[in-house]
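Visitor: Provided herewith: data17.cif, mmCIF, N, CA and C atoms.
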data_coords
loop_
_atom_site.label_atom_id
_atom_site.label_comp_id
_atom_site.auth_asym_id
_atom_site.auth_seq_id
_atom_site.Cartn_x
_atom_site.Cartn_y
_atom_site.Cartn_z
N MET A 162 -12.46 -18.07 -12.55
CA MET A 162 -12.25 -19.03 -13.61
C MET A 162 -13.09 -18.63 -14.81
N ILE A 163 -12.59 -18.91 -15.96
CA ILE A 163 -13.27 -18.56 -17.19
C ILE A 163 -14.24 -19.68 -17.55
N PRO A 164 -15.53 -19.36 -17.76
CA PRO A 164 -16.49 -20.41 -18.12
C PRO A 164 -16.12 -21.06 -19.45
N GLY A 165 -16.36 -22.37 -19.55
CA GLY A 165 -16.09 -23.07 -20.81
C GLY A 165 -14.67 -23.57 -20.94
N GLY A 166 -13.87 -23.48 -19.91
CA GLY A 166 -12.52 -24.03 -19.95
C GLY A 166 -11.49 -23.09 -20.52
N ARG A 167 -10.56 -23.65 -21.30
CA ARG A 167 -9.44 -22.87 -21.85
C ARG A 167 -9.89 -21.92 -22.93
N MET A 168 -9.14 -20.83 -23.07
CA MET A 168 -9.45 -19.83 -24.09
C MET A 168 -8.14 -19.51 -24.79
N ASN A 169 -8.19 -19.44 -26.11
CA ASN A 169 -6.96 -19.13 -26.82
C ASN A 169 -6.65 -17.64 -26.69
N PRO A 170 -5.40 -17.24 -26.92
CA PRO A 170 -5.01 -15.84 -26.72
C PRO A 170 -5.83 -14.84 -27.53
N LYS A 171 -6.22 -15.22 -28.75
CA LYS A 171 -7.01 -14.32 -29.59
C LYS A 171 -8.37 -14.06 -28.96
N GLN A 172 -9.02 -15.13 -28.45
CA GLN A 172 -10.32 -14.97 -27.79
C GLN A 172 -10.18 -14.12 -26.53
N MET A 173 -9.10 -14.33 -25.79
CA MET A 173 -8.85 -13.57 -24.56
C MET A 173 -8.70 -12.09 -24.89
N LYS A 174 -7.97 -11.78 -25.95
CA LYS A 174 -7.77 -10.39 -26.35
C LYS A 174 -9.09 -9.74 -26.74
N GLN A 175 -9.94 -10.47 -27.48
CA GLN A 175 -11.25 -9.95 -27.88
C GLN A 175 -12.13 -9.70 -26.66
N MET A 176 -12.12 -10.62 -25.71
CA MET A 176 -12.92 -10.47 -24.50
C MET A 176 -12.45 -9.25 -23.70
N MET A 177 -11.14 -9.08 -23.57
CA MET A 177 -10.61 -7.94 -22.83
C MET A 177 -10.99 -6.63 -23.52
N LYS A 178 -10.96 -6.62 -24.85
CA LYS A 178 -11.32 -5.41 -25.59
C LYS A 178 -12.78 -5.06 -25.35
N ARG A 179 -13.66 -6.07 -25.33
CA ARG A 179 -15.09 -5.83 -25.06
C ARG A 179 -15.30 -5.26 -23.65
N MET A 180 -14.44 -5.64 -22.73
CA MET A 180 -14.56 -5.18 -21.35
C MET A 180 -13.87 -3.83 -21.14
N GLY A 181 -13.25 -3.30 -22.17
CA GLY A 181 -12.58 -2.00 -22.06
C GLY A 181 -11.19 -2.09 -21.47
N ILE A 182 -10.57 -3.25 -21.60
CA ILE A 182 -9.23 -3.45 -21.06
C ILE A 182 -8.25 -3.53 -22.23
N GLU A 183 -7.23 -2.69 -22.19
CA GLU A 183 -6.18 -2.71 -23.20
C GLU A 183 -4.88 -3.11 -22.53
N GLN A 184 -4.14 -4.01 -23.18
CA GLN A 184 -2.85 -4.42 -22.64
C GLN A 184 -1.80 -4.24 -23.71
N GLU A 185 -0.65 -3.72 -23.29
CA GLU A 185 0.45 -3.44 -24.22
C GLU A 185 1.74 -3.89 -23.57
N GLU A 186 2.51 -4.70 -24.30
CA GLU A 186 3.83 -5.09 -23.84
C GLU A 186 4.79 -3.97 -24.22
N ILE A 187 5.65 -3.56 -23.31
CA ILE A 187 6.63 -2.51 -23.60
C ILE A 187 7.93 -3.23 -23.98
N ALA A 188 8.34 -3.04 -25.21
CA ALA A 188 9.50 -3.76 -25.75
C ALA A 188 10.81 -3.05 -25.43
N ASP A 189 11.88 -3.82 -25.47
CA ASP A 189 13.26 -3.31 -25.35
C ASP A 189 13.50 -2.52 -24.06
N VAL A 190 12.94 -3.00 -22.94
CA VAL A 190 13.16 -2.34 -21.66
C VAL A 190 14.59 -2.64 -21.21
N GLU A 191 15.35 -1.60 -20.93
CA GLU A 191 16.73 -1.76 -20.49
C GLU A 191 16.84 -1.85 -18.97
N GLU A 192 16.03 -1.02 -18.27
CA GLU A 192 16.14 -0.98 -16.81
C GLU A 192 14.88 -0.35 -16.22
N VAL A 193 14.45 -0.90 -15.07
CA VAL A 193 13.35 -0.32 -14.31
C VAL A 193 13.87 -0.07 -12.91
N VAL A 194 13.71 1.16 -12.41
CA VAL A 194 14.18 1.50 -11.07
C VAL A 194 12.99 2.00 -10.24
N ILE A 195 12.82 1.40 -9.07
CA ILE A 195 11.80 1.85 -8.13
C ILE A 195 12.55 2.34 -6.90
N ARG A 196 12.34 3.61 -6.55
CA ARG A 196 13.02 4.20 -5.40
C ARG A 196 12.03 4.44 -4.28
N THR A 197 12.39 3.99 -3.09
CA THR A 197 11.61 4.31 -1.90
C THR A 197 12.47 5.27 -1.06
N ALA A 198 12.00 5.59 0.11
CA ALA A 198 12.75 6.52 0.96
C ALA A 198 14.13 5.98 1.33
N THR A 199 14.27 4.66 1.44
CA THR A 199 15.55 4.11 1.90
C THR A 199 16.18 3.09 0.96
N LYS A 200 15.43 2.59 -0.06
CA LYS A 200 15.97 1.53 -0.92
C LYS A 200 15.72 1.81 -2.38
N GLU A 201 16.46 1.10 -3.22
CA GLU A 201 16.25 1.10 -4.65
C GLU A 201 16.07 -0.34 -5.11
N TYR A 202 15.07 -0.56 -5.96
CA TYR A 202 14.82 -1.86 -6.56
C TYR A 202 15.14 -1.70 -8.04
N ILE A 203 16.17 -2.40 -8.52
CA ILE A 203 16.64 -2.21 -9.89
C ILE A 203 16.41 -3.52 -10.66
N PHE A 204 15.59 -3.44 -11.71
CA PHE A 204 15.33 -4.57 -12.58
C PHE A 204 16.10 -4.32 -13.87
N THR A 205 17.10 -5.17 -14.19
CA THR A 205 17.87 -4.95 -15.42
C THR A 205 17.34 -5.80 -16.57
N GLN A 206 16.75 -6.93 -16.29
CA GLN A 206 16.16 -7.76 -17.32
C GLN A 206 14.70 -7.98 -16.92
N ALA A 207 13.85 -7.07 -17.31
CA ALA A 207 12.45 -7.13 -16.88
C ALA A 207 11.52 -7.18 -18.08
N GLN A 208 10.40 -7.85 -17.87
CA GLN A 208 9.31 -7.82 -18.83
C GLN A 208 8.31 -6.83 -18.27
N VAL A 209 7.93 -5.83 -19.06
CA VAL A 209 7.04 -4.78 -18.59
C VAL A 209 5.80 -4.74 -19.47
N SER A 210 4.64 -4.73 -18.84
CA SER A 210 3.40 -4.58 -19.59
C SER A 210 2.55 -3.51 -18.91
N MET A 211 1.77 -2.82 -19.75
CA MET A 211 0.92 -1.76 -19.24
C MET A 211 -0.52 -2.08 -19.62
N MET A 212 -1.42 -2.02 -18.63
CA MET A 212 -2.83 -2.26 -18.88
C MET A 212 -3.59 -0.97 -18.61
N THR A 213 -4.58 -0.70 -19.45
CA THR A 213 -5.47 0.43 -19.23
C THR A 213 -6.86 -0.14 -18.99
N ILE A 214 -7.37 0.10 -17.79
CA ILE A 214 -8.70 -0.39 -17.41
C ILE A 214 -9.51 0.81 -16.99
N GLN A 215 -10.53 1.12 -17.76
CA GLN A 215 -11.42 2.25 -17.52
C GLN A 215 -10.62 3.54 -17.30
N GLY A 216 -9.61 3.75 -18.13
CA GLY A 216 -8.82 4.98 -18.07
C GLY A 216 -7.70 4.97 -17.04
N GLN A 217 -7.64 3.96 -16.20
CA GLN A 217 -6.61 3.85 -15.16
C GLN A 217 -5.49 2.95 -15.66
N LYS A 218 -4.25 3.43 -15.63
CA LYS A 218 -3.12 2.65 -16.12
C LYS A 218 -2.48 1.86 -14.98
N THR A 219 -2.16 0.61 -15.28
CA THR A 219 -1.47 -0.27 -14.34
C THR A 219 -0.24 -0.82 -15.03
N VAL A 220 0.91 -0.76 -14.38
CA VAL A 220 2.15 -1.26 -14.95
C VAL A 220 2.57 -2.49 -14.17
N GLN A 221 2.92 -3.55 -14.91
CA GLN A 221 3.38 -4.78 -14.28
C GLN A 221 4.83 -5.01 -14.68
N VAL A 222 5.68 -5.23 -13.69
CA VAL A 222 7.10 -5.49 -13.93
C VAL A 222 7.38 -6.90 -13.45
N VAL A 223 7.92 -7.74 -14.34
CA VAL A 223 8.24 -9.11 -13.99
C VAL A 223 9.74 -9.29 -14.15
N GLY A 224 10.39 -9.75 -13.09
CA GLY A 224 11.84 -9.98 -13.14
C GLY A 224 12.40 -10.05 -11.73
N GLU A 225 13.68 -10.25 -11.64
CA GLU A 225 14.36 -10.36 -10.35
C GLU A 225 15.09 -9.05 -10.06
N PRO A 226 14.69 -8.32 -9.00
CA PRO A 226 15.34 -7.03 -8.74
C PRO A 226 16.63 -7.17 -7.94
N LEU A 227 17.50 -6.23 -8.16
CA LEU A 227 18.67 -6.02 -7.30
C LEU A 227 18.23 -4.97 -6.29
N ILE A 228 18.30 -5.30 -5.02
CA ILE A 228 17.82 -4.38 -3.98
C ILE A 228 19.04 -3.82 -3.26
N ARG A 229 19.09 -2.49 -3.17
CA ARG A 229 20.21 -1.87 -2.46
C ARG A 229 19.72 -0.67 -1.66
N ASN A 230 20.42 -0.39 -0.57
CA ASN A 230 20.09 0.77 0.25
C ASN A 230 20.53 2.03 -0.48
N ARG A 231 19.77 3.09 -0.29
CA ARG A 231 20.12 4.36 -0.91
C ARG A 231 21.18 5.04 -0.06
N GLU A 232 22.25 5.46 -0.69
CA GLU A 232 23.36 6.13 0.00
C GLU A 232 22.99 7.58 0.29
N GLY A 233 23.33 8.05 1.47
CA GLY A 233 23.16 9.46 1.80
C GLY A 233 21.72 9.91 1.98
N VAL A 234 20.80 8.97 2.06
CA VAL A 234 19.40 9.34 2.24
C VAL A 234 18.96 8.86 3.61
N ALA A 235 18.65 9.79 4.46
CA ALA A 235 18.18 9.44 5.79
C ALA A 235 16.71 9.06 5.71
N PRO A 236 16.28 8.05 6.47
CA PRO A 236 14.87 7.69 6.45
C PRO A 236 14.00 8.86 6.90
N ALA A 237 12.90 9.04 6.24
CA ALA A 237 11.98 10.13 6.59
C ALA A 237 11.34 9.84 7.94
N LYS A 238 11.22 10.87 8.74
CA LYS A 238 10.58 10.72 10.05
C LYS A 238 9.25 11.44 10.00
N VAL A 239 8.23 10.74 10.43
CA VAL A 239 6.90 11.33 10.46
C VAL A 239 6.72 11.99 11.81
N THR A 240 6.48 13.29 11.79
CA THR A 240 6.32 14.02 13.04
C THR A 240 4.95 14.67 13.14
N ALA A 241 4.06 14.28 12.25
CA ALA A 241 2.72 14.86 12.28
C ALA A 241 2.01 14.42 13.56
N LYS A 242 1.42 15.36 14.22
CA LYS A 242 0.73 15.07 15.46
C LYS A 242 -0.74 14.82 15.16
N VAL A 243 -1.27 13.77 15.75
CA VAL A 243 -2.66 13.40 15.53
C VAL A 243 -3.54 14.28 16.42
N VAL A 244 -4.61 14.83 15.83
CA VAL A 244 -5.57 15.61 16.61
C VAL A 244 -6.57 14.65 17.22
N ILE A 245 -6.67 14.68 18.54
CA ILE A 245 -7.54 13.75 19.25
C ILE A 245 -8.67 14.53 19.91
N PRO A 246 -9.91 14.27 19.48
CA PRO A 246 -11.06 14.97 20.06
C PRO A 246 -11.25 14.61 21.54
N ASP A 247 -11.78 15.57 22.31
CA ASP A 247 -12.04 15.33 23.73
C ASP A 247 -13.02 14.18 23.93
N GLU A 248 -13.97 14.01 23.00
CA GLU A 248 -14.94 12.92 23.12
C GLU A 248 -14.25 11.57 23.10
N ASP A 249 -13.21 11.44 22.27
CA ASP A 249 -12.47 10.18 22.20
C ASP A 249 -11.72 9.93 23.51
N VAL A 250 -11.13 10.98 24.07
CA VAL A 250 -10.41 10.84 25.34
C VAL A 250 -11.38 10.37 26.43
N GLN A 251 -12.55 11.00 26.50
CA GLN A 251 -13.54 10.63 27.51
C GLN A 251 -14.04 9.20 27.29
N LEU A 252 -14.28 8.82 26.04
CA LEU A 252 -14.75 7.48 25.73
C LEU A 252 -13.74 6.43 26.17
N VAL A 253 -12.47 6.63 25.81
CA VAL A 253 -11.43 5.67 26.17
C VAL A 253 -11.26 5.60 27.68
N ALA A 254 -11.28 6.75 28.35
CA ALA A 254 -11.14 6.77 29.80
C ALA A 254 -12.27 6.00 30.46
N GLU A 255 -13.48 6.21 29.96
CA GLU A 255 -14.66 5.55 30.54
C GLU A 255 -14.63 4.04 30.30
N LYS A 256 -14.39 3.62 29.06
CA LYS A 256 -14.42 2.20 28.72
C LYS A 256 -13.28 1.41 29.33
N ALA A 257 -12.10 2.04 29.45
CA ALA A 257 -10.94 1.34 29.98
C ALA A 257 -10.80 1.52 31.49
N GLY A 258 -11.59 2.43 32.06
CA GLY A 258 -11.52 2.66 33.50
C GLY A 258 -10.22 3.31 33.94
N VAL A 259 -9.75 4.28 33.17
CA VAL A 259 -8.50 4.97 33.50
C VAL A 259 -8.75 6.47 33.52
N SER A 260 -7.74 7.22 33.93
CA SER A 260 -7.87 8.68 33.94
C SER A 260 -7.80 9.21 32.51
N GLU A 261 -8.22 10.46 32.33
CA GLU A 261 -8.19 11.07 31.00
C GLU A 261 -6.75 11.25 30.50
N GLU A 262 -5.81 11.49 31.46
CA GLU A 262 -4.40 11.62 31.06
C GLU A 262 -3.88 10.31 30.48
N GLU A 263 -4.20 9.18 31.14
CA GLU A 263 -3.78 7.87 30.64
C GLU A 263 -4.45 7.57 29.30
N ALA A 264 -5.72 7.94 29.18
CA ALA A 264 -6.46 7.71 27.95
C ALA A 264 -5.84 8.50 26.80
N LEU A 265 -5.47 9.76 27.06
CA LEU A 265 -4.85 10.60 26.04
C LEU A 265 -3.52 10.00 25.58
N LYS A 266 -2.71 9.54 26.54
CA LYS A 266 -1.42 8.94 26.20
C LYS A 266 -1.63 7.68 25.35
N ALA A 267 -2.61 6.85 25.71
CA ALA A 267 -2.89 5.63 24.95
C ALA A 267 -3.38 5.97 23.54
N LEU A 268 -4.20 7.02 23.42
CA LEU A 268 -4.68 7.43 22.10
C LEU A 268 -3.53 7.94 21.23
N GLU A 269 -2.59 8.65 21.81
CA GLU A 269 -1.44 9.13 21.05
C GLU A 269 -0.60 7.96 20.55
N GLU A 270 -0.42 6.93 21.41
CA GLU A 270 0.34 5.75 21.03
C GLU A 270 -0.38 4.95 19.94
N ALA A 271 -1.72 5.04 19.92
CA ALA A 271 -2.53 4.29 18.95
C ALA A 271 -2.90 5.15 17.75
N ASN A 272 -2.21 6.25 17.55
CA ASN A 272 -2.46 7.16 16.42
C ASN A 272 -3.90 7.62 16.34
N GLY A 273 -4.50 7.88 17.51
CA GLY A 273 -5.84 8.43 17.55
C GLY A 273 -6.96 7.43 17.38
N GLU A 274 -6.66 6.14 17.39
CA GLU A 274 -7.67 5.09 17.22
C GLU A 274 -8.22 4.67 18.58
N PRO A 275 -9.47 5.05 18.90
CA PRO A 275 -10.04 4.74 20.22
C PRO A 275 -10.08 3.24 20.53
N ALA A 276 -10.50 2.42 19.57
CA ALA A 276 -10.61 0.98 19.83
C ALA A 276 -9.25 0.39 20.19
N GLU A 277 -8.23 0.77 19.44
CA GLU A 277 -6.89 0.25 19.72
C GLU A 277 -6.40 0.73 21.09
N ALA A 278 -6.67 1.99 21.42
CA ALA A 278 -6.25 2.53 22.72
C ALA A 278 -6.93 1.76 23.86
N ILE A 279 -8.21 1.48 23.72
CA ILE A 279 -8.95 0.73 24.75
C ILE A 279 -8.36 -0.66 24.90
N ILE A 280 -8.08 -1.33 23.79
CA ILE A 280 -7.52 -2.68 23.84
C ILE A 280 -6.16 -2.65 24.53
N ARG A 281 -5.33 -1.69 24.19
CA ARG A 281 -4.00 -1.59 24.82
C ARG A 281 -4.11 -1.37 26.32
N LEU A 282 -5.02 -0.48 26.72
CA LEU A 282 -5.16 -0.20 28.14
C LEU A 282 -5.72 -1.40 28.90
N MET A 283 -6.64 -2.10 28.32
CA MET A 283 -7.27 -3.23 29.01
C MET A 283 -6.37 -4.47 29.02
N SER A 284 -5.39 -4.54 28.13
CA SER A 284 -4.52 -5.71 28.10
C SER A 284 -3.29 -5.56 28.98
N ARG A 285 -3.18 -4.45 29.69
CA ARG A 285 -2.02 -4.24 30.58
C ARG A 285 -2.14 -5.09 31.80
#
Take the structure in the file and give it back as structure tokens.
Guide:
Amino acid sequence: MIPGGRMNPKQMKQMMKRMGIEQEEIADVEEVVIRTATKEYIFTQAQVSMMTIQGQKTVQVVGEPLIRNREGVAPAKVTAKVVIPDEDVQLVAEKAGVSEEEALKALEEANGEPAEAIIRLMSR
């Protein structure tokens, strides 16, 4: 909350400038498209503003998007294998009271997170 209650837009702009924050409204925006691996978010009537805070730009899009699936684009599959240290396998096996093979399998299912693997094994 801003001390002293309400602040008029001119005072707000001055305060932001003192803090090193610049804001700019982008006029006459016709369309904003955000593409993910499987969908498109299309804003045809959007208000767009860009803020610069300590050299970092942030864009804000306000409006109602049309969401549609992307045609002909297969979802990306992550096939990266997690490297699991032997110490983690031994730790999980010891804490959960299981064999190292079971501990390794649980660690792979938990993406290499020992705490999660222990919880999964103990909740069976």
Visitor: When the PyMOL selection byres ((chain A and resi 228) around 7) is applied to the file above, which residues end up in the set, as JSON, numbers by chain?
Guide: {"A": [200, 201, 202, 203, 226, 227, 229, 230]}
Visitor: Skipping near chain neighbours, those fewer than 3 positions away, what residues fall within 9 Å of Ala207 in chain A using only C-alpha atoms, listed as a list in words?
Guide: Val190, Glu191, Glu192, Val193, Phe204, Val222, Val223, Gly224, Glu225 and Pro226 of chain A
Visitor: With DSSP run on the backbone, what are the alpha helix (DSSP H) residues within range 211-267 of chain A? I'd like them as a JSON list (two decimals) with N, CA and C atoms, keeping the file's coordinate frame.
Guide:
[["chain", "number", "residue", "atom", "x", "y", "z"],
["A", 247, "ASP", "N", -11.78, 15.57, 22.31],
["A", 247, "ASP", "CA", -12.04, 15.33, 23.73],
["A", 247, "ASP", "C", -13.02, 14.18, 23.93],
["A", 248, "GLU", "N", -13.97, 14.01, 23.00],
["A", 248, "GLU", "CA", -14.94, 12.92, 23.12],
["A", 248, "GLU", "C", -14.25, 11.57, 23.10],
["A", 249, "ASP", "N", -13.21, 11.44, 22.27],
["A", 249, "ASP", "CA", -12.47, 10.18, 22.20],
["A", 249, "ASP", "C", -11.72, 9.93, 23.51],
["A", 250, "VAL", "N", -11.13, 10.98, 24.07],
["A", 250, "VAL", "CA", -10.41, 10.84, 25.34],
["A", 250, "VAL", "C", -11.38, 10.37, 26.43],
["A", 251, "GLN", "N", -12.55, 11.00, 26.50],
["A", 251, "GLN", "CA", -13.54, 10.63, 27.51],
["A", 251, "GLN", "C", -14.04, 9.20, 27.29],
["A", 252, "LEU", "N", -14.28, 8.82, 26.04],
["A", 252, "LEU", "CA", -14.75, 7.48, 25.73],
["A", 252, "LEU", "C", -13.74, 6.43, 26.17],
["A", 253, "VAL", "N", -12.47, 6.63, 25.81],
["A", 253, "VAL", "CA", -11.43, 5.67, 26.17],
["A", 253, "VAL", "C", -11.26, 5.60, 27.68],
["A", 254, "ALA", "N", -11.28, 6.75, 28.35],
["A", 254, "ALA", "CA", -11.14, 6.77, 29.80],
["A", 254, "ALA", "C", -12.27, 6.00, 30.46],
["A", 255, "GLU", "N", -13.48, 6.21, 29.96],
["A", 255, "GLU", "CA", -14.66, 5.55, 30.54],
["A", 255, "GLU", "C", -14.63, 4.04, 30.30],
["A", 256, "LYS", "N", -14.39, 3.62, 29.06],
["A", 256, "LYS", "CA", -14.42, 2.20, 28.72],
["A", 256, "LYS", "C", -13.28, 1.41, 29.33],
["A", 257, "ALA", "N", -12.10, 2.04, 29.45],
["A", 257, "ALA", "CA", -10.94, 1.34, 29.98],
["A", 257, "ALA", "C", -10.80, 1.52, 31.49],
["A", 261, "GLU", "N", -8.22, 10.46, 32.33],
["A", 261, "GLU", "CA", -8.19, 11.07, 31.00],
["A", 261, "GLU", "C", -6.75, 11.25, 30.50],
["A", 262, "GLU", "N", -5.81, 11.49, 31.46],
["A", 262, "GLU", "CA", -4.40, 11.62, 31.06],
["A", 262, "GLU", "C", -3.88, 10.31, 30.48],
["A", 263, "GLU", "N", -4.20, 9.18, 31.14],
["A", 263, "GLU", "CA", -3.78, 7.87, 30.64],
["A", 263, "GLU", "C", -4.45, 7.57, 29.30],
["A", 264, "ALA", "N", -5.72, 7.94, 29.18],
["A", 264, "ALA", "CA", -6.46, 7.71, 27.95],
["A", 264, "ALA", "C", -5.84, 8.50, 26.80],
["A", 265, "LEU", "N", -5.47, 9.76, 27.06],
["A", 265, "LEU", "CA", -4.85, 10.60, 26.04],
["A", 265, "LEU", "C", -3.52, 10.00, 25.58],
["A", 266, "LYS", "N", -2.71, 9.54, 26.54],
["A", 266, "LYS", "CA", -1.42, 8.94, 26.20],
["A", 266, "LYS", "C", -1.63, 7.68, 25.35],
["A", 267, "ALA", "N", -2.61, 6.85, 25.71],
["A", 267, "ALA", "CA", -2.89, 5.63, 24.95],
["A", 267, "ALA", "C", -3.38, 5.97, 23.54]]
Visitor: Once you count only C-alpha atoms, what closest atom pair and distance in Å to one decimal does each residue of range 214-259 of chain A within 12 Å of range 265-280 of chain A have, with rows by chain and rising residue number, as a tab-separated table?
Guide:
residue	atom	partner	partner_atom	distance
A:Val239	CA	A:Asn272	CA	11.9
A:Thr240	CA	A:Asn272	CA	11.6
A:Ala241	CA	A:Asn272	CA	10.2
A:Lys242	CA	A:Glu269	CA	8.4
A:Val243	CA	A:Gly273	CA	6.2
A:Val244	CA	A:Gly273	CA	7.2
A:Ile245	CA	A:Gly273	CA	5.8
A:Pro246	CA	A:Gly273	CA	8.7
A:Asp247	CA	A:Leu265	CA	8.9
A:Glu248	CA	A:Pro275	CA	10.0
A:Asp249	CA	A:Pro275	CA	6.3
A:Val250	CA	A:Leu265	CA	5.6
A:Gln251	CA	A:Leu265	CA	8.8
A:Leu252	CA	A:Pro275	CA	7.7
A:Val253	CA	A:Ile279	CA	5.7
A:Ala254	CA	A:Ile279	CA	8.2
A:Glu255	CA	A:Ile279	CA	9.5
A:Lys256	CA	A:Ile279	CA	6.9
A:Ala257	CA	A:Ile279	CA	5.6
A:Gly258	CA	A:Ile279	CA	9.3
A:Val259	CA	A:Ile279	CA	9.7
Visitor: Work out how far apart CA of Gly216 in chain A and atom C of Met180 in chain A are and give it in Å to one decimal.
Guide: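 Spanning CA of Gly216 in chain A to atom C of Met180 in chain A is a straight-line distance of 10.6 Å.
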Visitor: So, with only N, CA and C atoms as the atoms that count, which of A:Thr199, A:Gln208, A:Lys174, A:Ile214 lies closest to Glu232 in chain A?
Guide: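 That would be A:Thr199, the residue with the smallest distance to Glu232 in chain A.
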Visitor: Distance CA of Thr197 in chain A-atom C of Thr213 in chain A, one decimal place?
Guide: 25.6 Å
Visitor: How many Å separate atom C of Val194 in chain A from CA of Gln217 in chain A?
Guide: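 It comes out at 20.3 Å.
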